[in-house]
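Below is data.cif, holding mmCIF, C-alpha atoms.
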```
data_upload
#
loop_
_atom_site.label_atom_id
_atom_site.label_comp_id
_atom_site.auth_asym_id
_atom_site.auth_seq_id
_atom_site.Cartn_x
_atom_site.Cartn_y
_atom_site.Cartn_z
CA THR A 1 11.10 -10.46 14.78
CA VAL A 2 7.44 -10.22 13.73
CA ARG A 3 4.64 -10.99 16.20
CA LEU A 4 1.65 -12.84 14.74
CA TRP A 5 -1.83 -12.17 16.13
CA GLY A 6 -4.86 -14.41 15.87
CA PRO A 7 -8.47 -13.33 15.30
CA ASP A 8 -9.63 -14.94 18.56
CA LYS A 9 -9.69 -12.20 21.23
CA GLY A 10 -6.78 -10.46 19.51
CA LEU A 11 -4.20 -12.62 21.26
CA PRO A 12 -0.69 -13.22 19.88
CA VAL A 13 -0.14 -16.70 18.44
CA GLY A 14 3.62 -16.60 18.15
CA ASP A 15 6.74 -14.74 17.08
CA LEU A 16 8.37 -15.14 13.70
CA GLY A 17 12.12 -14.78 13.61
CA LEU A 18 13.25 -13.54 10.20
CA PRO A 19 16.52 -14.69 8.63
CA PHE A 20 16.77 -11.41 6.70
CA ASP A 21 16.26 -7.65 7.09
CA PHE A 22 13.04 -6.34 5.62
CA ASP A 23 11.51 -2.92 4.95
CA CYS A 24 7.89 -3.76 4.11
CA VAL A 25 5.22 -6.42 4.56
CA ALA A 26 1.74 -7.03 3.12
CA GLY A 27 -0.98 -9.54 3.91
CA GLY A 28 -2.72 -11.62 1.26
CA VAL A 29 -5.82 -13.80 1.67
CA ASP A 30 -3.89 -16.49 3.56
CA ARG A 31 -0.26 -15.45 3.18
CA PHE A 32 2.17 -12.75 4.28
CA TYR A 33 4.67 -11.22 1.87
CA PHE A 34 7.92 -9.58 2.97
CA GLY A 35 10.12 -7.28 0.90
CA ASP A 36 13.73 -7.63 1.98
CA GLN A 37 16.81 -5.46 1.58
CA ARG A 38 18.29 -7.71 -1.10
CA GLY A 39 15.49 -7.16 -3.58
CA ASN A 40 13.49 -10.30 -2.81
CA VAL A 41 9.77 -10.71 -2.13
CA ARG A 42 9.21 -13.73 0.13
CA GLU A 43 5.99 -15.63 0.80
CA PHE A 44 5.16 -16.92 4.29
CA ASN A 45 2.38 -19.36 5.23
CA PRO A 46 1.17 -18.39 8.74
CA VAL A 47 -0.91 -21.57 9.14
CA ALA A 48 1.95 -23.96 8.42
CA MET A 49 4.44 -21.43 9.90
CA LYS A 50 6.87 -21.88 7.03
CA TRP A 51 8.43 -19.97 4.17
CA GLU A 52 7.17 -21.02 0.77
CA SER A 53 8.11 -19.22 -2.46
CA ALA A 54 10.20 -16.15 -3.27
CA THR A 55 11.22 -14.09 -6.26
CA LYS A 56 14.03 -11.67 -7.07
CA ALA A 57 11.97 -8.55 -7.65
CA HIS A 58 14.38 -5.60 -7.54
CA VAL A 59 18.00 -4.46 -7.55
CA GLY A 60 18.47 -3.10 -4.03
CA ASN A 61 15.84 -2.76 -1.31
CA VAL A 62 12.18 -3.54 -1.79
CA THR A 63 10.52 -0.37 -0.47
CA ALA A 64 6.80 -1.19 -0.72
CA ILE A 65 4.49 -4.09 -1.53
CA ALA A 66 0.72 -4.54 -1.77
CA THR A 67 -1.64 -7.37 -2.63
CA SER A 68 -4.96 -7.35 -4.45
CA ARG A 69 -8.04 -8.25 -2.41
CA ASP A 70 -8.31 -11.71 -3.97
CA GLY A 71 -4.63 -12.38 -3.20
CA LYS A 72 -3.81 -13.27 -6.80
CA ARG A 73 -1.69 -10.23 -7.61
CA LEU A 74 1.13 -8.47 -5.83
CA ALA A 75 2.82 -5.16 -6.64
CA SER A 76 6.29 -4.14 -5.48
CA SER A 77 8.55 -1.11 -5.77
CA GLY A 78 12.22 -0.74 -5.00
CA THR A 79 15.16 1.61 -4.72
CA ASP A 80 15.82 0.81 -8.39
CA GLY A 81 12.80 2.98 -9.30
CA VAL A 82 10.90 0.02 -10.75
CA LEU A 83 7.26 -0.79 -10.08
CA MET A 84 6.37 -4.43 -10.71
CA THR A 85 3.05 -6.26 -10.79
CA TRP A 86 3.14 -10.02 -10.28
CA GLN A 87 0.82 -12.96 -10.57
CA VAL A 88 1.61 -14.57 -7.24
CA GLU A 89 1.14 -18.13 -8.44
CA GLY A 90 4.40 -18.92 -10.20
CA TRP A 91 5.64 -15.32 -9.74
CA LYS A 92 4.78 -14.34 -13.31
CA ALA A 93 5.72 -10.71 -14.05
CA LEU A 94 2.69 -8.88 -15.48
CA VAL A 95 3.77 -5.22 -15.63
CA LYS A 96 7.15 -3.49 -15.31
CA SER A 97 7.32 0.30 -15.08
CA GLU A 98 10.64 2.11 -14.66
CA GLY A 99 11.61 5.61 -13.53
CA ASN A 100 9.33 5.85 -10.51
CA GLY A 101 11.81 7.13 -7.92
CA ALA A 102 13.65 5.35 -5.12
CA GLU A 103 11.85 6.69 -2.04
CA PRO A 104 9.61 4.38 0.02
CA ARG A 105 5.91 4.90 -0.66
CA GLU A 106 2.51 3.23 -0.44
CA ILE A 107 1.09 1.13 -3.27
CA ARG A 108 -2.66 0.57 -3.63
CA PHE A 109 -4.75 -1.78 -5.73
CA SER A 110 -8.27 -0.90 -6.82
CA ALA A 111 -11.03 -3.04 -5.32
CA ASN A 112 -11.27 -5.16 -8.48
CA GLY A 113 -7.48 -5.62 -8.67
CA ASN A 114 -7.23 -4.23 -12.21
CA ASP A 115 -5.78 -0.80 -11.42
CA LEU A 116 -2.71 0.20 -9.43
CA TYR A 117 -1.81 3.46 -7.70
CA LEU A 118 1.21 4.96 -5.97
CA ALA A 119 2.24 8.39 -4.68
CA MET A 120 5.52 10.06 -5.66
CA GLY A 121 6.26 13.39 -4.03
CA ASN A 122 3.15 15.47 -4.64
CA ASP A 123 1.81 13.27 -7.45
CA VAL A 124 -0.50 10.23 -7.40
CA ARG A 125 0.07 8.00 -10.42
CA ALA A 126 -2.28 5.34 -11.77
CA TRP A 127 -1.73 2.28 -13.92
CA MET A 128 -5.18 1.57 -15.32
CA GLY A 129 -6.16 -1.88 -16.53
CA GLY A 130 -2.68 -3.35 -16.20
CA THR A 131 -0.97 -0.87 -18.54
CA ALA A 132 2.78 -0.24 -18.22
CA ALA A 133 2.46 3.52 -18.79
CA PRO A 134 1.17 5.52 -15.79
CA LYS A 135 -0.94 8.63 -15.88
CA SER A 136 -0.98 11.43 -13.34
CA LEU A 137 -4.19 11.04 -11.38
CA TYR A 138 -3.78 14.02 -9.05
CA ARG A 139 -1.02 16.55 -8.37
CA ASN A 140 -1.19 18.13 -4.92
CA PRO A 141 -0.47 21.88 -5.17
CA LYS A 142 0.29 22.12 -1.43
CA GLY A 143 3.29 19.80 -1.17
CA VAL A 144 4.40 16.23 -0.62
CA ILE A 145 1.70 13.60 -0.08
CA ALA A 146 2.24 11.86 3.25
CA THR A 147 -0.32 9.09 2.72
CA TYR A 148 -3.36 8.35 0.56
CA ASP A 149 -5.96 5.74 -0.40
CA ILE A 150 -8.65 4.98 -2.98
CA SER A 151 -12.33 4.61 -2.08
CA PRO A 152 -13.79 1.08 -2.28
CA ASP A 153 -15.80 2.04 -5.39
CA GLY A 154 -12.72 3.52 -7.08
CA LYS A 155 -14.41 6.88 -7.69
CA SER A 156 -12.67 9.00 -5.05
CA LEU A 157 -9.20 9.52 -3.66
CA PHE A 158 -7.98 11.08 -0.47
CA VAL A 159 -4.51 12.50 0.05
CA VAL A 160 -2.99 13.84 3.26
CA ASP A 161 -0.43 16.63 3.55
CA ALA A 162 0.60 18.63 6.63
CA GLY A 163 -2.55 17.81 8.57
CA PHE A 164 -5.06 18.27 5.73
CA VAL A 165 -7.12 15.56 4.07
CA ARG A 166 -8.09 16.31 0.49
CA PHE A 167 -10.89 14.32 -1.15
CA VAL A 168 -10.49 14.15 -4.92
CA ASP A 169 -12.74 12.95 -7.75
CA VAL A 170 -10.77 10.28 -9.63
CA GLY A 171 -12.45 10.95 -12.97
CA SER A 172 -11.71 14.67 -13.12
CA GLY A 173 -8.77 14.97 -10.72
CA LYS A 174 -10.53 17.87 -8.99
CA GLU A 175 -10.75 18.36 -5.23
CA GLN A 176 -14.20 17.72 -3.76
CA SER A 177 -13.43 18.95 -0.25
CA VAL A 178 -10.58 19.72 2.13
CA THR A 179 -10.71 18.71 5.80
CA GLN A 180 -8.22 19.62 8.52
CA ALA A 181 -7.30 16.61 10.63
CA SER A 182 -7.80 17.06 14.36
CA ASN A 183 -4.07 16.76 15.02
CA PRO A 184 -1.38 18.20 12.70
CA ALA A 185 1.19 15.48 13.41
CA LYS A 186 2.34 13.74 10.24
CA PRO A 187 0.24 10.63 9.49
CA LEU A 188 2.11 7.37 9.05
CA GLN A 189 -0.57 5.16 7.52
CA SER A 190 -4.10 5.41 6.24
CA ALA A 191 -6.97 3.26 5.00
CA TRP A 192 -10.34 3.85 3.37
CA LEU A 193 -12.60 1.20 4.87
CA PRO A 194 -15.48 -0.56 3.06
CA ASP A 195 -18.02 1.22 5.31
CA GLY A 196 -16.82 4.63 4.09
CA ARG A 197 -14.68 5.67 7.04
CA VAL A 198 -11.13 6.93 6.62
CA LEU A 199 -8.56 5.97 9.24
CA LEU A 200 -5.31 7.88 9.81
CA ARG A 201 -2.58 6.65 12.16
CA LYS A 202 -0.45 9.46 13.57
CA GLU A 203 3.16 9.53 14.76
CA GLU A 204 2.15 9.54 18.42
CA GLY A 205 -0.13 6.50 17.98
CA LEU A 206 -3.34 8.52 17.69
CA ILE A 207 -6.00 7.12 15.35
CA VAL A 208 -8.10 9.73 13.55
CA VAL A 209 -11.43 8.63 12.05
CA LEU A 210 -13.06 10.64 9.25
CA ASP A 211 -16.27 10.12 7.32
CA GLY A 212 -15.17 9.51 3.73
CA LYS A 213 -18.72 10.01 2.52
CA LEU A 214 -18.31 13.72 3.23
CA GLY A 215 -15.65 13.91 0.52
#
```
Using the file provided, produce a representation of the structure as structure tokens.
Amino acid sequence: TVRLWGPDKGLPVGDLGLPFDFDCVAGGVDRFYFGDQRGNVREFNPVAMKWESATKAHVGNVTAIATSRDGKRLASSGTDGVLMTWQVEGWKALVKSEGNGAEPREIRFSANGNDLYLAMGNDVRAWMGGTAAPKSLYRNPKGVIATYDISPDGKSLFVVDAGFVRFVDVGSGKEQSVTQASNPAKPLQSAWLPDGRVLLRKEEGLIVVLDGKLG
């Protein structure tokens, strides 16, 4: 079951019972998208409270999905090691990239929706301008990347490992600064906000706020 919350006073507006098991969800401009354990990405309209379209995206579980800011594109990855980029209208496949590992991970779009990023182990890969061949954007010498995000202007990257936040210049791949988070617990999620702040959500529910402009 998924609980839906409205913008008015942060109150719940209803519960959504799902007829399938899912591992990931992403919000579009006016839609939610669920990746299920049968390889499907399903579109839900929260206003009409109904399921709309779906596509068979992967063989096996869908492990991560993300939408571009304008809601026109969606990216998905699965246990089949495939990264897909879709045009949501009509579910047109735009990019297919194989050999990207089966582990769950976070996918990010650039602010303009043209570039795509994901982390694998200690490596952040980038698909620039809709290309099918990725390039290594940054390799973390200190171990596995727990979470990461791209700055709103696309010029900087932060990665988190074992309690440290590393700010990286996207153009050169070089670290700009390293900051120790206030609590070493493994972060679960992160976001680089439009106002420059970096948010980290920890295992125990703690929210850590950093100034991304210091990167």
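Here the question is which of A:Cys24, A:Leu137, A:Met128, A:Val62 gets nearest to Gly39 in chain A using only C-alpha atoms, and that residue is A:Val62.
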Could you write out as a compact mmCIF listing (two decimals) with C-alpha atoms, keeping the file's coordinate frame the residues that the PyMOL selection byres ((chain A and resi 155) around 12) matches in the shown file?
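Below you can see result23.txt, which holds the result:
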```
# COMPACT_ATOMS: atom_id res chain seq x y z
CA SER A 110 -8.27 -0.90 -6.82
CA ALA A 111 -11.03 -3.04 -5.32
CA LEU A 137 -4.19 11.04 -11.38
CA ASP A 149 -5.96 5.74 -0.40
CA ILE A 150 -8.65 4.98 -2.98
CA SER A 151 -12.33 4.61 -2.08
CA PRO A 152 -13.79 1.08 -2.28
CA ASP A 153 -15.80 2.04 -5.39
CA GLY A 154 -12.72 3.52 -7.08
CA SER A 156 -12.67 9.00 -5.05
CA LEU A 157 -9.20 9.52 -3.66
CA PHE A 158 -7.98 11.08 -0.47
CA PHE A 167 -10.89 14.32 -1.15
CA VAL A 168 -10.49 14.15 -4.92
CA ASP A 169 -12.74 12.95 -7.75
CA VAL A 170 -10.77 10.28 -9.63
CA GLY A 171 -12.45 10.95 -12.97
CA SER A 172 -11.71 14.67 -13.12
CA GLY A 173 -8.77 14.97 -10.72
CA LYS A 174 -10.53 17.87 -8.99
CA GLN A 176 -14.20 17.72 -3.76
CA GLY A 212 -15.17 9.51 3.73
CA LYS A 213 -18.72 10.01 2.52
CA GLY A 215 -15.65 13.91 0.52
```
Open item on the list: On this structure, the PyMOL selection byres ((chain A and resi 45-61) around 10) would catch which residues? List them as a ChimeraX atom specification, sorted by chain and number.
Closed with: /A:4,13-14,16,21-24,30-44,62-64,75-86,88-93,102,104
As AutoDock Vina command-line options, please report the centre and edge lengths, rounded to one decimal in Å, of the axis-aligned box that holds all listed atoms of range 38-44 of chain A with 4 Å of padding on each of the six sides.
```
--center_x 11.7 --center_y -12.0 --center_z 0.4 --size_x 21.1 --size_y 17.8 --size_z 15.9
```
Open item on the list: I need the residue nearest Glu106 in chain A from this list: A:Leu200, A:Val29, A:Ala162, A:Ile65. Use only C-alpha atoms for the distance.
Closed with: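 Closest residue, counting only C-alpha atoms: A:Ile65.
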Task: Among listed residues A:Gly130, A:Gly99, A:Gly28, A:Thr147, nearest Leu118 in chain A (using all atoms listed in the file) - done: A:Thr147
- [ ] Check which residues satisfy the PyMOL selection byres ((chain A and resi 119) around 9) in the file shown, then give them as a ChimeraX atom specification.
- [x] /A:105-107,117-118,120-126,145-148
Excluding same-chain residues fewer than 2 positions from Arg69 in chain A, what lies within 7 Å of it counting all atoms listed in the file, as a PDB file with C-alpha atoms, keeping the file's coordinate frame?
```pdb
ATOM      1  CA  THR A  67      -1.640  -7.370  -2.630  1.00  0.00           C
ATOM      2  CA  GLY A  71      -4.630 -12.380  -3.200  1.00  0.00           C
ATOM      3  CA  ALA A 111     -11.030  -3.040  -5.320  1.00  0.00           C
ATOM      4  CA  GLY A 113      -7.480  -5.620  -8.670  1.00  0.00           C
TER       5      GLY A 113
END
```
TODO: Take CA of Asn112 in chain A and CA of Ser68 in chain A and report the distance between them in Å, one decimal.
DONE: 7.8 Å
For range 74-213 of chain A in the structure I just supplied, write out C-alpha atoms - as a compact mmCIF listing (two decimals), in the first residue's frame.
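The resulting file, decode_8.txt, is reproduced below:
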```
# COMPACT_ATOMS: atom_id res chain seq x y z
CA LEU A 74 11.75 8.39 -17.88
CA ALA A 75 14.82 6.24 -17.23
CA SER A 76 14.75 2.74 -15.77
CA SER A 77 17.27 0.09 -14.77
CA GLY A 78 16.75 -3.55 -13.92
CA THR A 79 18.33 -6.76 -12.70
CA ASP A 80 19.03 -7.52 -16.37
CA GLY A 81 21.79 -4.87 -16.27
CA VAL A 82 20.01 -2.69 -18.83
CA LEU A 83 19.53 1.06 -18.55
CA MET A 84 16.64 2.39 -20.64
CA THR A 85 15.51 5.91 -21.47
CA TRP A 86 11.91 6.35 -22.57
CA GLN A 87 9.72 9.01 -24.07
CA VAL A 88 6.78 8.65 -21.71
CA GLU A 89 4.14 9.51 -24.29
CA GLY A 90 3.69 6.28 -26.22
CA TRP A 91 6.56 4.61 -24.30
CA LYS A 92 9.04 5.12 -27.14
CA ALA A 93 12.47 3.67 -26.29
CA LEU A 94 15.14 6.34 -26.83
CA VAL A 95 18.34 4.78 -25.44
CA LYS A 96 19.28 1.23 -24.43
CA SER A 97 22.57 0.57 -22.64
CA GLU A 98 23.53 -2.93 -21.50
CA GLY A 99 26.08 -4.28 -19.02
CA ASN A 100 25.37 -1.89 -16.17
CA GLY A 101 25.10 -4.36 -13.29
CA ALA A 102 22.08 -5.78 -11.49
CA GLU A 103 22.26 -3.99 -8.13
CA PRO A 104 19.66 -1.35 -7.22
CA ARG A 105 20.94 2.20 -7.61
CA GLU A 106 19.85 5.80 -8.10
CA ILE A 107 19.33 7.31 -11.55
CA ARG A 108 19.52 11.08 -12.10
CA PHE A 109 18.58 13.33 -14.98
CA SER A 110 20.32 16.63 -15.60
CA ALA A 111 18.18 19.74 -15.12
CA ASN A 112 17.61 20.07 -18.88
CA GLY A 113 16.73 16.37 -19.26
CA ASN A 114 19.41 15.73 -21.89
CA ASP A 115 21.96 13.89 -19.74
CA LEU A 116 21.59 10.83 -17.52
CA TYR A 117 23.67 9.61 -14.59
CA LEU A 118 23.88 6.53 -12.40
CA ALA A 119 26.28 5.14 -9.80
CA MET A 120 27.71 1.61 -10.00
CA GLY A 121 29.92 0.53 -7.13
CA ASN A 122 32.50 3.30 -6.81
CA ASP A 123 31.87 4.76 -10.28
CA VAL A 124 29.44 7.45 -11.50
CA ARG A 125 28.60 6.99 -15.17
CA ALA A 126 27.11 9.59 -17.51
CA TRP A 127 25.18 9.33 -20.74
CA MET A 128 25.62 12.75 -22.30
CA GLY A 129 23.15 14.11 -24.84
CA GLY A 130 21.19 10.88 -25.16
CA THR A 131 24.14 8.73 -26.25
CA ALA A 132 24.03 4.95 -25.71
CA ALA A 133 27.70 4.74 -24.66
CA PRO A 134 28.43 5.92 -21.09
CA LYS A 135 31.57 7.59 -19.87
CA SER A 136 33.05 7.42 -16.39
CA LEU A 137 32.36 10.76 -14.77
CA TYR A 138 34.01 10.09 -11.41
CA ARG A 139 35.61 7.07 -9.74
CA ASN A 140 35.62 7.23 -5.94
CA PRO A 141 38.99 6.00 -4.61
CA LYS A 142 37.55 5.44 -1.11
CA GLY A 143 34.93 2.79 -1.85
CA VAL A 144 31.33 2.20 -2.84
CA ILE A 145 29.13 5.25 -3.45
CA ALA A 146 26.12 5.14 -1.14
CA THR A 147 24.22 8.01 -2.78
CA TYR A 148 24.88 10.99 -5.04
CA ASP A 149 23.31 13.85 -7.00
CA ILE A 150 24.08 16.46 -9.66
CA SER A 151 23.91 20.20 -8.98
CA PRO A 152 21.03 22.10 -10.63
CA ASP A 153 23.46 23.79 -13.05
CA GLY A 154 25.05 20.44 -13.99
CA LYS A 155 28.57 21.63 -13.13
CA SER A 156 29.13 19.79 -9.85
CA LEU A 157 28.52 16.37 -8.38
CA PHE A 158 28.43 15.14 -4.83
CA VAL A 159 28.99 11.55 -3.77
CA VAL A 160 28.65 10.06 -0.30
CA ASP A 161 30.67 7.17 1.13
CA ALA A 162 31.04 6.07 4.76
CA GLY A 163 29.96 9.41 6.18
CA PHE A 164 31.91 11.66 3.80
CA VAL A 165 30.45 13.97 1.17
CA ARG A 166 32.76 14.61 -1.78
CA PHE A 167 32.04 17.55 -4.09
CA VAL A 168 33.40 16.96 -7.59
CA ASP A 169 33.81 19.17 -10.65
CA VAL A 170 31.90 17.47 -13.49
CA GLY A 171 34.12 18.85 -16.24
CA SER A 172 37.42 17.61 -14.82
CA GLY A 173 36.27 14.81 -12.52
CA LYS A 174 38.42 16.27 -9.73
CA GLU A 175 37.34 16.64 -6.11
CA GLN A 176 36.66 20.22 -5.03
CA SER A 177 36.20 19.50 -1.34
CA VAL A 178 35.50 16.73 1.14
CA THR A 179 33.09 17.20 4.06
CA GLN A 180 32.42 14.78 6.91
CA ALA A 181 28.72 14.38 7.56
CA SER A 182 27.64 15.04 11.14
CA ASN A 183 26.57 11.43 11.61
CA PRO A 184 28.44 8.43 10.10
CA ALA A 185 25.32 6.29 9.60
CA LYS A 186 24.90 5.21 5.99
CA PRO A 187 22.72 7.65 4.02
CA LEU A 188 19.70 6.20 2.26
CA GLN A 189 18.73 9.06 -0.06
CA SER A 190 20.00 12.44 -1.11
CA ALA A 191 18.99 15.49 -3.13
CA TRP A 192 20.69 18.66 -4.35
CA LEU A 193 18.00 21.33 -4.10
CA PRO A 194 17.59 24.31 -6.47
CA ASP A 195 18.62 26.71 -3.67
CA GLY A 196 22.02 25.01 -3.36
CA ARG A 197 21.43 22.93 -0.25
CA VAL A 198 22.23 19.22 -0.12
CA LEU A 199 19.90 16.95 1.86
CA LEU A 200 20.92 13.52 3.17
CA ARG A 201 18.44 11.12 4.78
CA LYS A 202 20.08 8.73 7.23
CA GLU A 203 19.13 5.21 8.34
CA GLU A 204 17.77 6.42 11.67
CA GLY A 205 15.55 9.05 10.00
CA LEU A 206 17.95 11.94 10.60
CA ILE A 207 18.04 14.63 7.88
CA VAL A 208 21.44 16.26 7.35
CA VAL A 209 21.55 19.61 5.53
CA LEU A 210 24.75 20.80 3.83
CA ASP A 211 25.54 23.92 1.86
CA GLY A 212 26.32 22.70 -1.65
CA LYS A 213 27.79 26.08 -2.54
```
